[in-house]
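A.B. asks: Quick one: the structure is below, and I'll ask about it shortly.
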Amino acid sequence: MLVLFKGCVLWSLSAQCCPLVFPLCRYRALTFILTFLLYTSFHLSRKPISIVKSELHKNCSSVNELATIASSGSGQLPSLTSLHTDMDCSWKPFDKRNYKQLLGAMDYSFLCAYAVGMYLSGIIGERLPIRLYLTVGMLTSGLFTCLFGLGYVYNIHNLGFYIFVQVANGLVQTTGWPSVVTCISNWFGKGRRGLIMGLWNSHTSVGNILGSLIAGYWVSSNWGMSFIVPGIIIAVMGVVCFFFLIERECSLLIGLMAPHEVRPWPKLKRNVLLPRDTGGVIEFSLCLLFAKLVSYTFLFWLPLYITKAAHLDAKKAGDLSTLFDVGGIVGGILAGVISDKLGKRATTCAVMLLLAAPTLYGFSMISEFGLGPTIGMLLVCGCLVNGPYSLITTAVSADLGTHKSLKGNARALSTVTAIIDGTGSVGAALGPLLAGLLSAGGWDRVFYMLMTADFLALLVSIITDKSSGCK
């Protein structure tokens, strides 16, 4: 008989009490698969905005050019024609020439709220049951994701509405990462952690791919459904989380204890401040800041860039952008395997970041390539950009969160994870915002910004390699 107590698996070693003992590995497999699917749904619900951007503001530039040519031939005033196309081409309020700044503001609203909320989320997550905390976060995230889609259904053109939804969604989505990393780390030790976390962290790319495909299916006909369907999916997964998530491994001998002898886990110290000798937290946090800036700029702007540079429609651009995430899956696993073999996390990050810089430069000339080289560039770029990002947010966070200086305080892992990912999320907020501002002067400026961030991440990783105890 299987007994659950306070989110833990309890089983008996007494044959009289429990004739069937479930192998521990089954619960590890269950936790691995379930947390994988849970965070897949988080990223699935974040992806639609990048797909829908090209529909919120369609390729009006080509329409304007045709209209200008027609007006010059007929002697009409081009200003009137431009005004007409600006008004009719896109979804208000994203129909003006400053649409990139408005879209960037929406990204910044979500990511800034996410960055601020992440610092608080780790602290709150230490004090609440992971299962309940994660369930509430997923249900409310589903609600706000659906609300954004309802803006299309009810013909809402108020920018404030979309900004509010993005801020609220950013805050509630912070419940996800500290919770799932803490849960998976409770079940898996340090042995081959890089490989296990690399495989597990592919949920990020899988979620992006599924989100792109789902959003792309409706983007041209009814972009509201591009948000509503992912919102329903993450809400359903929240219900699944409530009924099936097992927070940690326990080995209480229930068969040998009377019911009144079963005691809850001892209360842990609530000191939020980490010991000073938890080396590497600050260094890896800064490295993730720049690495995540690059990754999230691609996450939020890649489909629109492909639409403008390669002159593809929204659906084709969304489908093609999934190759970046396919490369990300390979990069995350590869980074985990190499870091396990070498025993040096920072060195692995440094090498991949070094190789990413020329790849980013090549990617900036995508409009000059054919389809074949573009596909190859997307795969390689996704591998090298997402590899370090994946490694730091999973294996490195787990290593630092179980540092000997924490004296076995497993729940401190939630705080460490939140500090690292929260700092990284500052970069994630800045990247798309800067992309929206810089792209107005040409996409080349965006890629110069990405290469600069990649170089800074490389610099920090080299310093970390020399000074951190978590190499």
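Each chain in the structure tokens gets a letter, A, B and so on, in the order shown; residues start at 1 in every chain, and ligands are counted from 1 in the order they appear.
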For Asp444 (chain A), find every residue with an atom within 12 Å (counting only C-alpha atoms), except residues of its own chain fewer than 4 positions away, and show them as a compact mmCIF listing (two decimals) with N, CA, C and O atoms, in the first residue's frame.

C.D. replies:
# COMPACT_ATOMS: atom_id res chain seq x y z
N TYR A 305 11.87 38.78 -36.70
CA TYR A 305 13.07 39.03 -37.49
C TYR A 305 13.07 38.20 -38.77
O TYR A 305 13.39 38.70 -39.86
N ALA A 309 13.26 39.80 -42.37
CA ALA A 309 14.51 39.60 -43.10
C ALA A 309 14.36 38.60 -44.24
O ALA A 309 14.91 38.79 -45.32
N LEU A 360 26.57 34.30 -34.06
CA LEU A 360 25.62 35.41 -34.02
C LEU A 360 25.87 36.39 -35.16
O LEU A 360 24.92 36.91 -35.77
N TYR A 361 27.14 36.64 -35.45
CA TYR A 361 27.46 37.54 -36.55
C TYR A 361 26.97 36.96 -37.88
O TYR A 361 26.40 37.67 -38.72
N GLY A 362 27.18 35.66 -38.07
CA GLY A 362 26.72 35.03 -39.30
C GLY A 362 25.20 35.05 -39.41
O GLY A 362 24.65 35.23 -40.50
N PHE A 363 24.54 34.92 -38.27
CA PHE A 363 23.08 34.90 -38.28
C PHE A 363 22.51 36.26 -38.65
O PHE A 363 21.39 36.35 -39.16
N SER A 364 23.27 37.33 -38.42
CA SER A 364 22.79 38.67 -38.76
C SER A 364 22.66 38.87 -40.26
O SER A 364 22.00 39.81 -40.71
N MET A 365 23.26 37.98 -41.05
CA MET A 365 23.20 38.09 -42.51
C MET A 365 22.26 37.03 -43.10
O MET A 365 22.45 36.56 -44.21
N ILE A 366 21.23 36.67 -42.34
CA ILE A 366 20.31 35.61 -42.74
C ILE A 366 19.61 35.91 -44.07
O ILE A 366 19.31 35.02 -44.85
N SER A 367 19.36 37.21 -44.33
CA SER A 367 18.64 37.58 -45.55
C SER A 367 19.45 37.25 -46.81
O SER A 367 18.89 37.15 -47.90
N ALA A 435 16.15 45.29 -27.96
CA ALA A 435 15.91 44.86 -29.34
C ALA A 435 14.82 45.71 -29.98
O ALA A 435 14.93 46.11 -31.15
N LEU A 438 16.51 49.24 -30.58
CA LEU A 438 17.59 49.26 -31.56
C LEU A 438 17.15 48.85 -32.96
O LEU A 438 17.71 49.32 -33.96
N SER A 439 16.15 47.98 -33.05
CA SER A 439 15.73 47.49 -34.36
C SER A 439 15.13 48.59 -35.22
O SER A 439 15.07 48.46 -36.45
N ALA A 440 14.69 49.68 -34.59
CA ALA A 440 14.16 50.81 -35.37
C ALA A 440 15.23 51.40 -36.28
O ALA A 440 14.93 51.96 -37.34
N TYR A 448 24.70 43.43 -32.91
CA TYR A 448 25.87 43.97 -32.23
C TYR A 448 25.65 43.95 -30.71
O TYR A 448 26.57 43.66 -29.93
N MET A 449 24.44 44.27 -30.30
CA MET A 449 24.10 44.22 -28.88
C MET A 449 24.20 42.79 -28.35
O MET A 449 24.73 42.55 -27.26
N LEU A 450 23.70 41.82 -29.13
CA LEU A 450 23.75 40.41 -28.70
C LEU A 450 25.19 39.92 -28.61
O LEU A 450 25.55 39.19 -27.68
N MET A 451 26.04 40.31 -29.56
CA MET A 451 27.44 39.89 -29.52
C MET A 451 28.17 40.52 -28.34
O MET A 451 29.04 39.89 -27.72

A.B. asks: Quick one: residues within 9 Å of Ile156 (chain A), only C-alpha atoms, excluding same-chain residues fewer than 6 positions away - as a PDB file with N, CA and C atoms, in the first residue's frame?

C.D. replies:
ATOM      1  N   LYS A  92      -4.628  47.736 -33.789  1.00  0.00           N
ATOM      2  CA  LYS A  92      -4.394  48.876 -32.920  1.00  0.00           C
ATOM      3  C   LYS A  92      -4.156  48.387 -31.493  1.00  0.00           C
ATOM      4  N   LEU A 150      -8.276  36.930 -25.069  1.00  0.00           N
ATOM      5  CA  LEU A 150      -9.629  37.494 -25.078  1.00  0.00           C
ATOM      6  C   LEU A 150      -9.628  38.942 -25.560  1.00  0.00           C
ATOM      7  N   TYR A 162      -3.143  45.173 -22.193  1.00  0.00           N
ATOM      8  CA  TYR A 162      -2.144  44.163 -22.529  1.00  0.00           C
ATOM      9  C   TYR A 162      -0.921  44.259 -21.615  1.00  0.00           C
TER      10      TYR A 162
END

A.B. asks: Just the strand (DSSP E) stuff from region 85-305 of chain A, please, per backbone DSSP, written as a PyMOL selection string.

C.D. replies: chain A and resi 248-253

A.B. asks: Give me the residues near Tyr119 (chain A) as a list in words, where near means some atom within 7 Å (using only C-alpha atoms) and where sequence neighbours in that chain fewer than 3 positions away do not count.

C.D. replies: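 Selected residues are Val116, Gly122, Ala418, Ile419 and Gly422 of chain A.
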
A.B. asks: Write out as number ranges by chain all residues of region 96-244 of chain A that DSSP puts in helix (DSSP H, G or I) for this structure's backbone.

C.D. replies: A: 99-127, 130-153, 159-187, 193-200, 203-218, 225-244
